[in-house]
>>> print(open('upload.cif').read())   # mmCIF, C-alpha atoms
data_protein
loop_
_atom_site.group_PDB
_atom_site.id
_atom_site.type_symbol
_atom_site.label_atom_id
_atom_site.label_comp_id
_atom_site.auth_asym_id
_atom_site.auth_seq_id
_atom_site.Cartn_x
_atom_site.Cartn_y
_atom_site.Cartn_z
ATOM 1 C CA MET U 8 14.406 -15.973 4.560
ATOM 2 C CA LEU U 9 14.061 -14.362 7.990
ATOM 3 C CA PHE U 10 16.266 -11.538 9.254
ATOM 4 C CA ASP U 11 16.471 -10.046 12.717
ATOM 5 C CA SER U 12 15.157 -6.486 12.547
ATOM 6 C CA GLY U 13 18.320 -5.246 14.250
ATOM 7 C CA LEU U 14 20.285 -6.005 11.099
ATOM 8 C CA PRO U 15 20.565 -3.414 8.341
ATOM 9 C CA ILE U 16 18.324 -3.865 5.327
ATOM 10 C CA PRO U 17 20.239 -5.743 2.632
ATOM 11 C CA HIS U 18 20.965 -3.440 -0.311
ATOM 12 C CA ASN U 19 19.213 -5.788 -2.705
ATOM 13 C CA ALA U 20 16.045 -5.907 -0.573
ATOM 14 C CA ASP U 21 13.236 -3.961 -2.163
ATOM 15 C CA ILE U 22 10.306 -4.864 0.028
ATOM 16 C CA LEU U 23 10.048 -5.925 3.596
ATOM 17 C CA ILE U 24 7.020 -7.733 4.959
ATOM 18 C CA ILE U 25 6.725 -7.817 8.714
ATOM 19 C CA CYS U 26 4.642 -9.937 10.945
ATOM 20 C CA ARG U 27 4.320 -9.681 14.660
ATOM 21 C CA HIS U 28 3.927 -13.181 15.947
ATOM 22 C CA GLN U 29 3.367 -15.067 19.141
ATOM 23 C CA ALA U 30 4.924 -18.278 20.402
ATOM 24 C CA GLN U 31 5.328 -20.946 17.705
ATOM 25 C CA VAL U 32 3.128 -19.365 15.010
ATOM 26 C CA ASN U 33 5.040 -18.735 11.784
ATOM 27 C CA CYS U 34 5.066 -15.616 9.640
ATOM 28 C CA ALA U 35 2.842 -16.933 6.867
ATOM 29 C CA THR U 36 0.180 -17.909 9.390
ATOM 30 C CA MET U 37 0.255 -14.491 10.989
ATOM 31 C CA ILE U 38 -0.194 -12.705 7.674
ATOM 32 C CA PHE U 39 -3.158 -14.930 6.980
ATOM 33 C CA MET U 40 -4.509 -14.043 10.432
ATOM 34 C CA ASN U 41 -4.461 -10.350 9.438
ATOM 35 C CA HIS U 42 -1.520 -9.279 11.565
ATOM 36 C CA LEU U 43 0.517 -6.278 10.501
ATOM 37 C CA ARG U 44 2.784 -6.371 7.476
ATOM 38 C CA SER U 45 5.197 -3.756 6.269
ATOM 39 C CA VAL U 46 6.714 -2.503 3.046
ATOM 40 C CA ALA U 47 10.234 -1.050 3.282
ATOM 41 C CA ILE U 48 11.370 1.790 1.060
ATOM 42 C CA ASN U 49 15.165 1.810 0.981
ATOM 43 C CA ASP U 50 16.226 4.748 -1.187
ATOM 44 C CA THR U 51 19.463 6.723 -1.010
ATOM 45 C CA TRP U 52 18.083 9.336 1.414
ATOM 46 C CA LEU U 53 14.630 8.058 2.309
ATOM 47 C CA LYS U 54 14.293 4.901 4.369
ATOM 48 C CA ILE U 55 10.800 4.144 5.631
ATOM 49 C CA TRP U 56 8.598 1.208 6.528
ATOM 50 C CA LEU U 57 4.894 1.182 5.643
ATOM 51 C CA VAL U 58 2.776 -0.841 8.058
ATOM 52 C CA ILE U 59 -0.118 -2.256 6.050
ATOM 53 C CA ASN U 60 -3.246 -4.125 7.105
ATOM 54 C CA GLU U 61 -4.935 -7.135 5.534
ATOM 55 C CA CYS U 62 -6.750 -4.860 3.053
ATOM 56 C CA ASP U 63 -3.404 -3.444 1.849
ATOM 57 C CA GLN U 64 -4.208 -0.081 3.467
ATOM 58 C CA VAL U 65 -1.278 1.762 4.996
ATOM 59 C CA GLN U 66 -1.878 2.250 8.707
ATOM 60 C CA GLN U 67 1.416 3.796 9.742
ATOM 61 C CA VAL U 68 4.711 5.053 8.331
ATOM 62 C CA LEU U 69 7.825 4.354 10.395
ATOM 63 C CA PHE U 70 11.301 5.832 10.032
ATOM 64 C CA GLN U 71 12.931 2.989 11.962
ATOM 65 C CA PRO U 72 12.616 -0.730 11.347
ATOM 66 C CA PRO U 73 9.909 -2.341 13.462
ATOM 67 C CA THR U 74 10.870 -5.014 15.947
ATOM 68 C CA GLY U 75 10.252 -8.724 15.492
ATOM 69 C CA GLU U 76 11.140 -11.234 12.821
ATOM 70 C CA ILE U 77 10.865 -9.923 9.285
ATOM 71 C CA THR U 78 10.747 -11.416 5.824
ATOM 72 C CA TYR U 79 12.071 -9.538 2.791
ATOM 73 C CA LEU U 80 9.959 -9.780 -0.348
ATOM 74 C CA LYS U 81 10.177 -7.977 -3.682
ATOM 75 C CA ASN U 82 7.729 -6.312 -6.059
ATOM 76 C CA HIS U 83 5.030 -4.990 -3.745
ATOM 77 C CA PRO U 84 2.975 -2.356 -5.648
ATOM 78 C CA TYR U 85 3.649 0.311 -2.994
ATOM 79 C CA HIS U 86 7.362 -0.011 -3.536
ATOM 80 C CA GLN U 87 6.880 0.813 -7.214
ATOM 81 C CA LEU U 88 4.725 3.806 -6.311
ATOM 82 C CA PHE U 89 7.479 5.158 -4.052
ATOM 83 C CA ARG U 90 10.020 4.604 -6.835
ATOM 84 C CA GLN U 91 7.783 6.659 -9.123
ATOM 85 C CA TYR U 92 7.545 9.373 -6.461
ATOM 86 C CA MET U 93 11.323 9.424 -6.033
ATOM 87 C CA ALA U 94 11.674 9.662 -9.846
ATOM 88 C CA GLY U 95 9.445 12.751 -9.937
ATOM 89 C CA ASP U 96 5.900 11.392 -10.317
ATOM 90 C CA TYR U 97 4.540 13.160 -7.255
ATOM 91 C CA GLN U 98 0.983 11.964 -7.825
ATOM 92 C CA ALA U 99 2.016 8.303 -7.533
ATOM 93 C CA LEU U 100 1.555 8.184 -3.757
ATOM 94 C CA ASN U 101 -2.090 9.196 -4.135
ATOM 95 C CA GLN U 102 -2.723 5.641 -5.383
ATOM 96 C CA ILE U 103 -1.727 4.154 -2.030
ATOM 97 C CA LYS U 104 -4.728 3.001 -0.050
ATOM 98 C CA ILE U 105 -4.737 4.425 3.460
ATOM 99 C CA ASN U 106 -6.596 3.799 6.674
ATOM 100 C CA LEU U 107 -7.473 7.273 7.986
ATOM 101 C CA PRO U 108 -8.119 7.794 11.678
ATOM 102 C CA THR U 109 -11.635 8.512 12.809
ATOM 103 C CA GLY U 110 -12.960 11.899 13.878
ATOM 104 C CA ASP U 111 -14.573 14.348 11.470
ATOM 105 C CA PHE U 112 -12.227 17.280 12.110
ATOM 106 C CA ARG U 113 -9.056 15.194 11.996
ATOM 107 C CA ARG U 114 -10.207 13.302 8.909
ATOM 108 C CA ALA U 115 -11.138 16.566 7.127
ATOM 109 C CA ILE U 116 -7.680 18.034 7.800
ATOM 110 C CA LEU U 117 -5.811 14.894 6.699
ATOM 111 C CA GLU U 118 -7.907 14.588 3.536
ATOM 112 C CA GLN U 119 -7.225 18.246 2.724
ATOM 113 C CA ILE U 120 -3.468 17.752 3.260
ATOM 114 C CA ARG U 121 -3.475 14.836 0.848
ATOM 115 C CA GLN U 122 -4.908 17.134 -1.841
ATOM 116 C CA ILE U 123 -2.040 19.656 -1.661
ATOM 117 C CA PRO U 124 -0.064 19.229 -4.888
ATOM 118 C CA ALA U 125 3.674 18.599 -4.734
ATOM 119 C CA GLY U 126 5.628 21.795 -5.205
ATOM 120 C CA GLN U 127 3.093 23.807 -3.227
ATOM 121 C CA THR U 128 2.875 24.651 0.444
ATOM 122 C CA LEU U 129 0.125 25.957 2.691
ATOM 123 C CA SER U 130 0.266 27.532 6.119
ATOM 124 C CA TYR U 131 -1.459 25.881 9.062
ATOM 125 C CA GLY U 132 -4.047 28.686 8.989
ATOM 126 C CA GLN U 133 -4.678 28.352 5.252
ATOM 127 C CA LEU U 134 -5.210 24.624 5.688
ATOM 128 C CA ALA U 135 -7.671 25.210 8.552
ATOM 129 C CA ASN U 136 -9.624 27.639 6.343
ATOM 130 C CA LEU U 137 -9.698 25.221 3.386
ATOM 131 C CA ALA U 138 -10.971 22.448 5.632
ATOM 132 C CA GLY U 139 -13.778 24.723 6.838
ATOM 133 C CA HIS U 140 -12.316 25.454 10.291
ATOM 134 C CA PRO U 141 -10.991 29.028 10.289
ATOM 135 C CA GLY U 142 -8.963 29.894 13.374
ATOM 136 C CA ALA U 143 -7.937 26.280 13.998
ATOM 137 C CA ALA U 144 -4.286 26.653 12.965
ATOM 138 C CA ARG U 145 -2.948 25.251 16.259
ATOM 139 C CA ALA U 146 -5.223 22.227 16.021
ATOM 140 C CA VAL U 147 -3.993 21.669 12.451
ATOM 141 C CA GLY U 148 -0.426 21.789 13.749
ATOM 142 C CA SER U 149 -1.247 19.147 16.329
ATOM 143 C CA ILE U 150 -2.826 16.913 13.690
ATOM 144 C CA CYS U 151 0.268 17.288 11.511
ATOM 145 C CA LYS U 152 2.514 16.448 14.468
ATOM 146 C CA HIS U 153 0.584 13.229 15.090
ATOM 147 C CA ASN U 154 0.168 12.262 11.422
ATOM 148 C CA SER U 155 0.836 8.520 11.321
ATOM 149 C CA LEU U 156 1.110 8.547 7.510
ATOM 150 C CA PRO U 157 3.812 11.142 6.725
ATOM 151 C CA ILE U 158 4.813 11.512 3.073
ATOM 152 C CA ILE U 159 1.634 9.709 1.982
ATOM 153 C CA ILE U 160 -0.350 12.418 3.773
ATOM 154 C CA PRO U 161 2.233 15.109 3.012
ATOM 155 C CA CYS U 162 2.229 17.221 6.164
ATOM 156 C CA HIS U 163 5.756 18.304 5.151
ATOM 157 C CA ARG U 164 3.955 20.689 2.745
ATOM 158 C CA ILE U 165 2.505 22.645 5.681
ATOM 159 C CA ILE U 166 4.580 25.650 6.763
ATOM 160 C CA LYS U 167 4.267 28.594 9.147
ATOM 161 C CA SER U 168 2.168 31.607 8.177
ATOM 162 C CA ASN U 169 5.316 33.773 8.018
ATOM 163 C CA GLY U 170 6.671 31.532 5.253
ATOM 164 C CA SER U 171 9.286 29.789 7.384
ATOM 165 C CA LEU U 172 9.681 26.028 7.389
ATOM 166 C CA GLY U 173 8.121 25.218 10.742
ATOM 167 C CA GLU U 174 8.491 21.988 12.645
ATOM 168 C CA TYR U 175 8.300 18.404 11.403
ATOM 169 C CA ALA U 176 7.850 15.409 13.680
ATOM 170 C CA PHE U 177 10.664 13.575 11.874
ATOM 171 C CA GLY U 178 13.079 16.497 11.807
ATOM 172 C CA THR U 179 13.308 19.690 9.823
ATOM 173 C CA GLU U 180 16.149 18.298 7.714
ATOM 174 C CA LEU U 181 13.891 15.571 6.307
ATOM 175 C CA LYS U 182 11.140 18.156 5.758
ATOM 176 C CA LYS U 183 13.607 20.278 3.757
ATOM 177 C CA GLN U 184 14.722 17.239 1.735
ATOM 178 C CA LEU U 185 11.141 16.263 0.900
ATOM 179 C CA LEU U 186 10.218 19.793 -0.120
ATOM 180 C CA HIS U 187 13.416 20.166 -2.142
ATOM 181 C CA HIS U 188 12.673 16.857 -3.886
ATOM 182 C CA GLU U 189 9.262 18.284 -4.827
ATOM 183 C CA GLY U 190 10.746 21.556 -6.116
ATOM 184 C CA VAL U 191 10.306 23.824 -3.083
ATOM 185 C CA ASN U 192 13.479 25.388 -1.721
ATOM 186 C CA PHE U 193 14.012 26.831 1.742
#
>>> encode(input="upload.cif", output="structure tokens")
Amino acid sequence: MLFDSGLPIPHNADILIICRHQAQVNCATMIFMNHLRSVAINDTWLKIWLVINECDQVQQVLFQPPTGEITYLKNHPYHQLFRQYMAGDYQALNQIKINLPTGDFRRAILEQIRQIPAGQTLSYGQLANLAGHPGAARAVGSICKHNSLPIIIPCHRIIKSNGSLGEYAFGTELKKQLLHHEGVNF
């Protein structure tokens, strides 16, 4: 069943698969042709859409529904992994396959962020040092700001060197909620 993306996600919808299509081509054809698909996570306080490629790698995390015609499906494995994360299994998201951007420095920072355990935080400077780039705290901040895979690459675990929360591209309130969920209080 197709829904216009302007409509709210039905409460009984667990997974959302999206295809961007052209002219008369139908959704199933577009998925077969390797166009983008998406998984929707519709929890009480966390609503996100995971844009996935033909290899089931997450390419982008969105906090608003994408445009175009969408088809709701159930039981995608990533939905279960997010349920496990929301239930307290913070390692569950490490099983999600991701498509990291290119560039050695950027890749090194994002890979290091993904290794930060839930319940722990690092400063931008500490992260730069761990990734082998001391003095690159500002560059780390920029990479976090442009992280296309938030939560999966948990840049919400990066804070200022003075111990304060710092910024978050999707709002400091969501950053606080994510950290609180993982046992860190601000």
>>> resolve_selection(input="upload.cif", expression="the PyMOL selection byres ((chain U and resi 147) around 9)", output="list in words")
Arg113, Ile116, Tyr131, Gly132, Leu134, Ala135, Ala143, Ala144, Arg145, Ala146, Gly148, Ser149, Ile150, Cys151 and Lys152 of chain U
>>> atom_distance(input="upload.cif", atom1="CA of Leu107 in chain U", atom2="CA of Ile160 in chain U")
9.7 Å
>>> axis_aligned_box(input="upload.cif", around="range 113-130 of chain U", padding_each_side="4 Å", output="lines of an AutoDock Vina configuration file")
center_x = -2.8
center_y = 20.4
center_z = 3.4
size_x = 24.8
size_y = 22.2
size_z = 25.2
>>> atom_distance(input="upload.cif", atom1="CA of Lys54 in chain U", atom2="CA of Lys104 in chain U")
19.6 Å
>>> atom_distance(input="upload.cif", atom1="CA of Glu174 in chain U", atom2="CA of Gly126 in chain U")
18.1 Å
>>> closest_residue(input="upload.cif", among="U:Ser155, U:Gln71, U:Asn192, U:Gln87", to="Ala99 in chain U", atoms="only C-alpha atoms")
U:Gln87
>>> closest_residue(input="upload.cif", among="U:Gln133, U:Asn154, U:Ser171, U:Gln127", to="His188 in chain U", atoms="only C-alpha atoms")
U:Gln127
>>> closest_residue(input="upload.cif", among="U:Ala176, U:Leu185, U:Ile105, U:Val191", to="Met93 in chain U", atoms="only C-alpha atoms")
U:Leu185
>>> resolve_selection(input="upload.cif", expression="the PyMOL selection byres ((chain U and resi 159) around 10)", output="list in words")
Leu57, Val65, Gln67, Val68, Phe89, Ala99, Leu100, Asn101, Gln102, Ile103, Lys104, Ile105, Ile120, Arg121, Asn154, Ser155, Leu156, Pro157, Ile158, Ile160, Pro161 and Cys162 of chain U
>>> closest_residue(input="upload.cif", among="U:Gln91, U:Gln64, U:Gln122, U:Phe70", to="Gly178 in chain U", atoms="only C-alpha atoms")
U:Phe70
>>> residues_around(input="upload.cif", residues="Ser130 in chain U", least_positions_apart="3", cutoff="8 Å", atoms="all atoms listed in the file", output="ChimeraX atom specification")
/U:133-134,165-168,170
